[in-house]
Structures are given as structure tokens and as C-alpha cells.
$ cat protein-v9.pdb   # PDB, C-alpha atoms
ATOM      1  CA  MET B 444      23.393  23.179   9.228
ATOM      2  CA  ASP B 445      22.097  26.689   9.726
ATOM      3  CA  ALA B 446      19.390  27.366   7.174
ATOM      4  CA  PHE B 447      19.907  31.140   7.407
ATOM      5  CA  THR B 448      23.661  31.448   6.965
ATOM      6  CA  GLY B 449      24.459  33.629   3.965
ATOM      7  CA  PRO B 450      27.050  32.665   1.360
ATOM      8  CA  MET B 451      30.695  32.972   2.407
ATOM      9  CA  GLY B 452      32.151  36.388   1.667
ATOM     10  CA  SER B 453      28.776  38.050   1.083
ATOM     11  CA  SER B 454      28.221  41.423   2.716
ATOM     12  CA  ASP B 455      24.448  41.033   2.682
ATOM     13  CA  PRO B 456      22.916  40.168   6.077
ATOM     14  CA  PRO B 457      21.173  36.819   6.368
ATOM     15  CA  PRO B 458      17.396  36.885   5.848
ATOM     16  CA  THR B 459      15.335  37.501   8.938
ATOM     17  CA  PRO B 460      13.647  34.316  10.183
ATOM     18  CA  PRO B 461       9.845  34.419  10.198
ATOM     19  CA  LYS B 462       8.284  35.573  13.421
ATOM     20  CA  ALA B 463       7.208  32.667  15.604
ATOM     21  CA  PRO B 464       3.575  32.425  16.783
ATOM     22  CA  PRO B 465       2.824  33.292  20.429
ATOM     23  CA  ARG B 466       4.095  30.747  22.979
ATOM     24  CA  TYR B 467       5.891  28.813  20.249
ATOM     25  CA  ARG B 468       8.497  26.429  21.699
ATOM     26  CA  PRO B 469      10.590  24.325  19.301
ATOM     27  CA  GLY B 470      12.048  21.103  20.606
ATOM     28  CA  PRO B 471      11.765  17.315  20.367
ATOM     29  CA  TRP B 472       8.309  16.380  19.189
ATOM     30  CA  LYS B 473       6.358  14.833  22.062
ATOM     31  CA  HIS B 474       3.922  12.750  20.028
ATOM     32  CA  ASN B 475       6.358  10.467  18.183
ATOM     33  CA  SER B 476       5.268   7.319  20.023
ATOM     34  CA  ARG B 477       1.572   7.538  19.147
ATOM     35  CA  VAL B 478       2.325   8.430  15.528
ATOM     36  CA  ALA B 479       4.781   5.525  15.283
ATOM     37  CA  LEU B 480       2.197   3.049  16.598
ATOM     38  CA  ALA B 481      -0.324   4.152  13.975
ATOM     39  CA  LEU B 482       1.856   4.979  10.983
ATOM     40  CA  ILE B 483       4.651   2.390  10.968
ATOM     41  CA  PRO B 484       2.331  -0.664  10.574
ATOM     42  CA  SER B 485       0.556   1.107   7.708
ATOM     43  CA  ILE B 486       3.880   1.929   6.032
ATOM     44  CA  VAL B 487       4.968  -1.712   6.394
ATOM     45  CA  VAL B 488       1.742  -2.865   4.712
ATOM     46  CA  VAL B 489       2.139  -0.376   1.860
ATOM     47  CA  VAL B 490       5.821  -1.138   1.241
ATOM     48  CA  SER B 491       5.500  -4.914   1.557
ATOM     49  CA  ASP B 492       2.710  -4.893  -1.020
ATOM     50  CA  GLY B 493       5.130  -3.415  -3.556
ATOM     51  CA  GLY B 494       7.645  -6.244  -3.357
ATOM     52  CA  ARG B 495      11.407  -5.992  -3.811
ATOM     53  CA  LEU B 496      11.350  -2.954  -6.078
ATOM     54  CA  MET B 497       9.511  -0.820  -3.564
ATOM     55  CA  MET B 498      11.519  -2.049  -0.583
ATOM     56  CA  GLY B 499      14.825  -1.619  -2.413
ATOM     57  CA  THR B 500      13.925   1.922  -3.418
ATOM     58  CA  LEU B 501      13.060   2.765   0.181
ATOM     59  CA  VAL B 502      16.258   1.238   1.608
ATOM     60  CA  VAL B 503      18.546   3.005  -0.869
ATOM     61  CA  GLY B 504      16.762   6.316  -0.364
ATOM     62  CA  LEU B 505      16.964   6.096   3.418
ATOM     63  CA  MET B 506      20.681   5.291   3.197
ATOM     64  CA  VAL B 507      21.233   8.466   1.163
ATOM     65  CA  VAL B 508      19.207  10.493   3.667
ATOM     66  CA  TYR B 509      21.222   9.055   6.569
ATOM     67  CA  ILE B 510      24.560   9.825   4.910
ATOM     68  CA  LEU B 511      23.541  13.413   4.165
ATOM     69  CA  ASP B 512      22.314  13.865   7.727
ATOM     70  CA  VAL B 513      25.606  12.539   9.145
ATOM     71  CA  LEU B 514      27.484  14.987   6.912
ATOM     72  CA  LYS B 515      25.436  17.836   8.478
ATOM     73  CA  MET B 516      23.672  18.563   5.184
ATOM     74  CA  ALA B 517      20.242  18.892   6.761
ATOM     75  CA  GLU B 518      18.510  20.661   3.873
ATOM     76  CA  ALA B 519      19.796  18.117   1.349
ATOM     77  CA  ALA B 520      18.726  15.290   3.657
ATOM     78  CA  LEU B 521      15.165  16.613   3.823
ATOM     79  CA  ILE B 522      14.981  17.054   0.051
ATOM     80  CA  SER B 523      16.340  13.526  -0.439
ATOM     81  CA  LEU B 524      13.749  12.191   1.978
ATOM     82  CA  TRP B 525      10.851  13.601  -0.037
ATOM     83  CA  CYS B 526      12.443  12.455  -3.302
ATOM     84  CA  THR B 527      12.701   8.967  -1.799
ATOM     85  CA  LEU B 528       9.002   8.936  -0.909
ATOM     86  CA  VAL B 529       8.085  10.033  -4.451
ATOM     87  CA  ALA B 530      10.320   7.273  -5.861
ATOM     88  CA  VAL B 531       8.704   4.711  -3.543
ATOM     89  CA  TYR B 532       5.261   5.756  -4.758
ATOM     90  CA  LEU B 533       6.323   5.457  -8.403
ATOM     91  CA  ALA B 534       7.807   2.025  -7.639
ATOM     92  CA  MET B 535       4.468   1.023  -6.144
ATOM     93  CA  LEU B 536       2.660   2.043  -9.335
ATOM     94  CA  ILE B 537       5.076  -0.091 -11.363
ATOM     95  CA  ALA B 538       5.295  -3.136  -9.117
ATOM     96  CA  THR B 539       1.710  -3.589  -7.910
ATOM     97  CA  ASP B 540      -1.511  -4.547  -9.654
ATOM     98  CA  LEU B 541      -3.885  -2.008  -8.162
ATOM     99  CA  PHE B 542      -6.294  -2.008 -11.096
ATOM    100  CA  THR B 543      -7.353  -5.624 -11.490
ATOM    101  CA  PRO B 544     -10.653  -7.122 -12.721
ATOM    102  CA  ALA B 545     -11.210  -8.600  -9.258
ATOM    103  CA  ARG B 546     -11.392  -5.101  -7.735
ATOM    104  CA  SER B 547     -13.739  -2.297  -8.707
ATOM    105  CA  PRO B 548     -12.156   0.857 -10.168
ATOM    106  CA  LEU B 549     -13.479   2.918  -7.250
ATOM    107  CA  ALA B 550     -11.849   0.583  -4.726
ATOM    108  CA  SER B 551      -8.578   0.681  -6.680
ATOM    109  CA  ILE B 552      -8.581   4.489  -6.718
ATOM    110  CA  ALA B 553      -9.333   4.585  -2.976
ATOM    111  CA  LEU B 554      -6.473   2.183  -2.286
ATOM    112  CA  LEU B 555      -4.151   4.236  -4.480
ATOM    113  CA  LEU B 556      -5.022   7.426  -2.628
ATOM    114  CA  SER B 557      -4.685   5.747   0.779
ATOM    115  CA  ASN B 558      -1.182   4.514  -0.043
ATOM    116  CA  CYS B 559      -0.197   7.946  -1.363
ATOM    117  CA  LEU B 560      -1.548   9.637   1.767
ATOM    118  CA  CYS B 561       0.298   7.183   4.011
ATOM    119  CA  LEU B 562       3.628   7.992   2.356
ATOM    120  CA  PHE B 563       2.859  11.718   2.505
ATOM    121  CA  LEU B 564       2.193  11.454   6.245
ATOM    122  CA  ALA B 565       5.491   9.634   6.678
ATOM    123  CA  GLY B 566       7.184  12.606   5.017
ATOM    124  CA  LEU B 567       5.435  15.059   7.338
ATOM    125  CA  TRP B 568       6.444  13.014  10.360
ATOM    126  CA  ALA B 569      10.067  12.914   9.225
ATOM    127  CA  THR B 570      10.032  16.660   8.498
ATOM    128  CA  LEU B 571       9.140  17.368  12.120
ATOM    129  CA  GLN B 572      12.329  15.608  13.256
ATOM    130  CA  PHE B 573      14.518  18.288  11.630
ATOM    131  CA  ARG B 574      15.200  20.945  14.252
ATOM    132  CA  TRP B 575      16.007  23.593  11.636
ATOM    133  CA  VAL B 576      12.487  23.271  10.263
ATOM    134  CA  GLN B 577      11.049  23.926  13.733
ATOM    135  CA  THR B 578      13.235  26.954  14.420
ATOM    136  CA  GLY B 579      13.238  28.458  10.937
ATOM    137  CA  PHE B 580       9.674  27.698   9.822
ATOM    138  CA  PRO B 581       7.316  27.640  12.834
ATOM    139  CA  ALA B 582       4.178  27.732  10.680
ATOM    140  CA  VAL B 583       5.354  24.660   8.752
ATOM    141  CA  ALA B 584       6.016  22.738  11.972
ATOM    142  CA  LEU B 585       2.588  23.578  13.374
ATOM    143  CA  ALA B 586       0.906  22.696  10.070
ATOM    144  CA  CYS B 587       2.709  19.331   9.903
ATOM    145  CA  GLU B 588       1.646  18.504  13.456
ATOM    146  CA  ARG B 589      -1.983  19.404  12.778
ATOM    147  CA  ALA B 590      -2.038  17.539   9.449
ATOM    148  CA  LEU B 591      -0.671  14.376  11.080
ATOM    149  CA  PHE B 592      -3.312  14.338  13.816
ATOM    150  CA  ALA B 593      -6.112  15.211  11.386
ATOM    151  CA  THR B 594      -5.195  12.748   8.634
ATOM    152  CA  ILE B 595      -3.716   9.684  10.342
ATOM    153  CA  PRO B 596      -7.109   8.329  11.565
ATOM    154  CA  PRO B 597      -8.757   8.156   8.108
ATOM    155  CA  ALA B 598      -5.594   7.136   6.237
ATOM    156  CA  CYS B 599      -4.340   4.470   8.640
ATOM    157  CA  GLY B 600      -7.889   3.352   9.403
ATOM    158  CA  ALA B 601      -8.514   2.701   5.710
ATOM    159  CA  ILE B 602      -5.297   0.700   5.369
ATOM    160  CA  CYS B 603      -6.181  -1.304   8.497
ATOM    161  CA  ALA B 604      -9.607  -2.047   7.001
ATOM    162  CA  TRP B 605      -8.074  -3.208   3.703
ATOM    163  CA  THR B 606      -5.600  -5.393   5.604
ATOM    164  CA  ALA B 607      -8.415  -6.911   7.666
ATOM    165  CA  VAL B 608     -10.412  -7.712   4.520
ATOM    166  CA  ALA B 609      -7.386  -9.415   2.967
ATOM    167  CA  SER B 610      -6.557 -11.332   6.172
ATOM    168  CA  VAL B 611      -9.871 -12.465   7.677
ATOM    169  CA  GLY B 612     -12.379 -11.849   4.898
ATOM    170  CA  ALA B 613     -15.040  -9.233   4.309
ATOM    171  CA  SER B 614     -17.512 -10.749   6.766
ATOM    172  CA  HIS B 615     -15.265 -10.343   9.832
ATOM    173  CA  ALA B 616     -13.224  -7.323   8.742
ATOM    174  CA  PRO B 617     -15.674  -4.654  10.045
ATOM    175  CA  TYR B 618     -15.121  -5.799  13.638
ATOM    176  CA  TYR B 619     -11.344  -5.428  13.346
ATOM    177  CA  ALA B 620     -11.760  -2.111  11.546
ATOM    178  CA  ALA B 621     -14.068  -0.829  14.297
ATOM    179  CA  VAL B 622     -11.409  -1.583  16.926
ATOM    180  CA  ALA B 623      -8.759   0.178  14.839
ATOM    181  CA  PHE B 624     -10.931   3.260  14.280
ATOM    182  CA  ALA B 625     -11.830   3.412  17.985
ATOM    183  CA  TRP B 626      -8.150   3.335  18.982
ATOM    184  CA  LEU B 627      -7.249   5.947  16.387
ATOM    185  CA  TYR B 628     -10.055   8.190  17.615
ATOM    186  CA  LYS B 629      -8.926   7.911  21.237
ATOM    187  CA  THR B 630      -5.277   8.472  20.335
ATOM    188  CA  PHE B 631      -5.574  11.406  17.923
ATOM    189  CA  SER B 632      -8.978  13.035  18.398
ATOM    190  CA  PHE B 633      -9.124  13.580  22.149
ATOM    191  CA  PRO B 634      -7.908  17.061  23.239
ATOM    192  CA  THR B 635      -4.109  16.930  23.020
ATOM    193  CA  PRO B 636      -1.748  19.844  23.757
ATOM    194  CA  SER B 637       0.510  20.852  20.900
ATOM    195  CA  SER B 638       4.154  19.944  21.293
ATOM    196  CA  PHE B 639       5.202  23.377  20.032
ATOM    197  CA  ARG B 640       2.904  25.689  21.998
ATOM    198  CA  GLY B 641       3.438  26.540  25.635
ATOM    199  CA  PRO B 642       0.476  26.293  28.027
ATOM    200  CA  SER B 643      -1.817  29.254  28.490
ATOM    201  CA  LEU B 644      -4.207  28.342  31.231
ATOM    202  CA  LYS B 645      -7.789  29.504  31.143
ATOM    203  CA  PRO B 646      -9.213  31.355  34.138
ATOM    204  CA  LYS B 647     -11.071  29.010  36.434
ATOM    205  CA  PRO B 648     -14.836  29.044  35.843
ATOM    206  CA  ALA B 649     -17.059  30.529  38.482
ATOM    207  CA  VAL B 650     -18.508  28.227  41.095
ATOM    208  CA  GLY B 651     -21.740  26.735  39.863
ATOM    209  CA  ALA B 652     -20.893  27.174  36.198
ATOM    210  CA  ASP B 653     -22.644  24.493  34.220
ATOM    211  CA  ALA B 654     -20.033  24.300  31.463
ATOM    212  CA  VAL B 655     -17.556  21.460  31.840
ATOM    213  CA  ASP B 656     -14.043  22.001  30.495
ATOM    214  CA  ASN B 657     -12.653  18.823  28.908
ATOM    215  CA  THR B 658      -9.362  20.342  27.777
ATOM    216  CA  GLY B 659      -7.649  20.455  31.157
ATOM    217  CA  GLY B 660      -7.945  24.247  31.328
ATOM    218  CA  ILE B 661      -5.854  24.778  28.183
ATOM    219  CA  HIS B 662      -6.809  27.319  25.547
ATOM    220  CA  GLY B 663      -8.110  25.877  22.277
ATOM    221  CA  ASP B 664      -5.250  27.382  20.286
ATOM    222  CA  ALA B 665      -2.795  25.319  22.346
ATOM    223  CA  LEU B 666      -4.456  22.062  21.251
ATOM    224  CA  VAL B 667      -3.400  20.180  18.136
ATOM    225  CA  LEU B 668      -6.922  19.726  16.759
ATOM    226  CA  GLY B 669     -10.138  21.635  17.111
ATOM    227  CA  ALA B 670     -13.672  20.427  17.739
ATOM    228  CA  GLY B 671     -14.433  20.223  14.006
ATOM    229  CA  GLU B 672     -11.728  17.675  13.242
ATOM    230  CA  ALA B 673     -12.659  15.607  16.309
ATOM    231  CA  ALA B 674     -16.316  15.551  15.230
ATOM    232  CA  ALA B 675     -15.315  14.439  11.727
ATOM    233  CA  HIS B 676     -13.196  11.634  13.193
ATOM    234  CA  CYS B 677     -16.098  10.545  15.397
ATOM    235  CA  ALA B 678     -18.465  10.390  12.427
ATOM    236  CA  MET B 679     -15.897   8.443  10.401
ATOM    237  CA  GLY B 680     -15.368   5.953  13.222
ATOM    238  CA  CYS B 681     -19.103   5.384  13.586
ATOM    239  CA  LEU B 682     -19.950   5.088   9.889
ATOM    240  CA  ALA B 683     -16.883   3.699   8.139
ATOM    241  CA  PRO B 684     -16.291   0.224   9.649
ATOM    242  CA  PRO B 685     -19.732  -1.268   8.884
ATOM    243  CA  GLY B 686     -19.389  -0.182   5.280
TER     244      GLY B 686
END
$ encode --input "protein-v9.pdb" --output "C-alpha cells"
Amino acid sequence: MDAFTGPMGSSDPPPTPPKAPPRYRPGPWKHNSRVALALIPSIVVVVSDGGRLMMGTLVVGLMVVYILDVLKMAEAALISLWCTLVAVYLAMLIATDLFTPARSPLASIALLLSNCLCLFLAGLWATLQFRWVQTGFPAVALACERALFATIPPACGAICAWTAVASVGASHAPYYAAVAFAWLYKTFSFPTPSSFRGPSLKPKPAVGADAVDNTGGIHGDALVLGAGEAAAHCAMGCLAPPG
């Protein structure tokens, strides 16, 4: 469905789409596989912890989204998707015992925020699959891509750490968490070209230049993340698992 088609019979011209950033290229998102490997296991852990209520809410919501998408009602499908994620989160609050005497309040709040962030990232990932979002709202598509790469390592790493504690105990969990954080750092923090920006190659450095380019000659604005986010991920990977 065209997001910019005016109402039938209206003489007013459709609104002008926002101007796309330089070298912006909408199309199928190229990083679906790495996001799926990190995010789907975390979503399974979050949903399975909520029992039948949470899983039933998710299944019914996804069926509605699928039907609306088949009927070419793309905007309604996206709205239904986000409503489904909100309903799943509310079902989690009802069906799970996050605040128990066996767990400190701080740990319960951290787990609550991690689950919320995981569902939010799932919504961002799904939003990128709608082509009309890419063509009509370039800034939103770029922001979703950057938010996924910046937030998946801490969010999914925290859920992996909680799962390791519940599965193998607190004494062995840091080793499993360290492996998970290392993989997340390699997958999301290394210089990665954006799926929506075309390449703009840097001029080759002069012979004898002592600076080494680790980005493959690609301008920094064509990468998904900057050096600041990568440094934050590195610090998190080094400090979080032992704790």
C-alpha cells in the first residue's frame, strides 16, 4: 500500500516524501541473518517464560499481522505488530513472577527492562521489513538499523547471562556469558557497512602513512555504528560477564 496516496476524489496533491540522506538505497535489509541469530533465541526465552498466556497473545497477534499484510494493508499491519508486542509485554507482567523474595528488587527490575528491550528490538527489526517504511521514512529506517546494532549486544547478552545462571548455576554462568558477549561484539561491533547507504570510498592514504584503516576504505557515515558504540560494547564485554 502506498503510504503517500491521497484520499480518493481529493484535489490536494499527496504530501511530498521526506528527502532521503545522501547515498540512501532502500532495499532488502542485508543484516537479517545476524540479527536473527542473536534476537530469536532471546525472544524464545522471554516468551517461553510467560507461559501459555504470553505465547497465545503472540500467536494471535502475529496471525492478525499476517492477514493484514496479505490484504495489502501495510500500515495497519505495522500498527498491529506494535500493538501485539505491547500486549505480549502486558501478558508477561500478568503471567510471570518477576518480583519474588528469592530475587532482589534490583535484579527483578533489570530482568523486566531486559525483556522489554528485547521485545522493542523485535519491533524495530520487523519495522525494517516493511518496504514503505524504507522508501517513505529514510531517517526511521537508518535509526532502526543503528538502534538494533547498538542495543542487541547488551540486551541479548543480559538475557543469555540470565539463561546461563538458570541453566548451569551462578558459578559457571560467567564463562557462558563471556562467550556470548564475545560473539555479540564480533557480530555487531566490528565495522559493518549500512544496508541502506551506498559505498563512498575514501582516497587511498599516501605511501608510508602510519594510520591503518580498519573500515575497508569506507567512510564512517556509511557504517552502521561509530567508534563510540563499539568502545562501549567492548567495555561491556570485558566487565559484564564476571559480574
$ atom_distance --input "protein-v9.pdb" --atom1 "atom CA of B:Val502" --atom2 "atom CA of B:Trp575"
24.5 Å
$ resolve_selection --input "protein-v9.pdb" --expression "the PyMOL selection byres ((chain B and resi 664-671) around 6)" --output "MDAnalysis selection string"
chainID B and resid 589 635:637 640 662:663 672:674
$ closest_residue --input "protein-v9.pdb" --among "B:Tyr618, B:Phe631, B:Trp525, B:Phe563" --to "B:Ser476" --atoms "all atoms listed in the file"
B:Phe631
$ closest_residue --input "protein-v9.pdb" --among "B:Val507, B:Ala586, B:Ala538, B:Ala607" --to "B:Leu524" --atoms "only C-alpha atoms"
B:Val507
$ atom_distance --input "protein-v9.pdb" --atom1 "atom CA of B:Met506" --atom2 "atom CA of B:Ile537"
22.0 Å
$ atom_distance --input "protein-v9.pdb" --atom1 "atom CA of B:Leu627" --atom2 "atom CA of B:Pro596"
5.4 Å
$ residues_near_point --input "protein-v9.pdb" --point "(-2.6, 4.9, -4.1)" --cutoff "10 Å" --atoms "all atoms listed in the file" --output "number ranges by chain"
B: 489, 532-533, 535-536, 541, 551-562
$ write_last_selection --input "protein-v9.pdb" --atoms "C-alpha atoms" --output "CSV table (one decimal), in the frame of the given file"
chain,number,residue,atom,x,y,z
B,489,VAL,CA,2.1,-0.4,1.9
B,532,TYR,CA,5.3,5.8,-4.8
B,533,LEU,CA,6.3,5.5,-8.4
B,535,MET,CA,4.5,1.0,-6.1
B,536,LEU,CA,2.7,2.0,-9.3
B,541,LEU,CA,-3.9,-2.0,-8.2
B,551,SER,CA,-8.6,0.7,-6.7
B,552,ILE,CA,-8.6,4.5,-6.7
B,553,ALA,CA,-9.3,4.6,-3.0
B,554,LEU,CA,-6.5,2.2,-2.3
B,555,LEU,CA,-4.2,4.2,-4.5
B,556,LEU,CA,-5.0,7.4,-2.6
B,557,SER,CA,-4.7,5.7,0.8
B,558,ASN,CA,-1.2,4.5,0.0
B,559,CYS,CA,-0.2,7.9,-1.4
B,560,LEU,CA,-1.5,9.6,1.8
B,561,CYS,CA,0.3,7.2,4.0
B,562,LEU,CA,3.6,8.0,2.4
$ residues_around --input "protein-v9.pdb" --residues "B:Gly600" --least-positions-apart "6" --cutoff "12 Å" --atoms "all atoms listed in the file" --output "MDAnalysis selection string"
chainID B and resid 481:482 484:485 554 557:558 560:561 594 606:607 616:617 619:628 631 676 679:680 683:684
$ resolve_selection --input "protein-v9.pdb" --expression "the PyMOL selection byres ((chain B and resi 497) around 8)" --output "ChimeraX atom specification"
/B:490-491,493-496,498-501,531-532,534-535,538
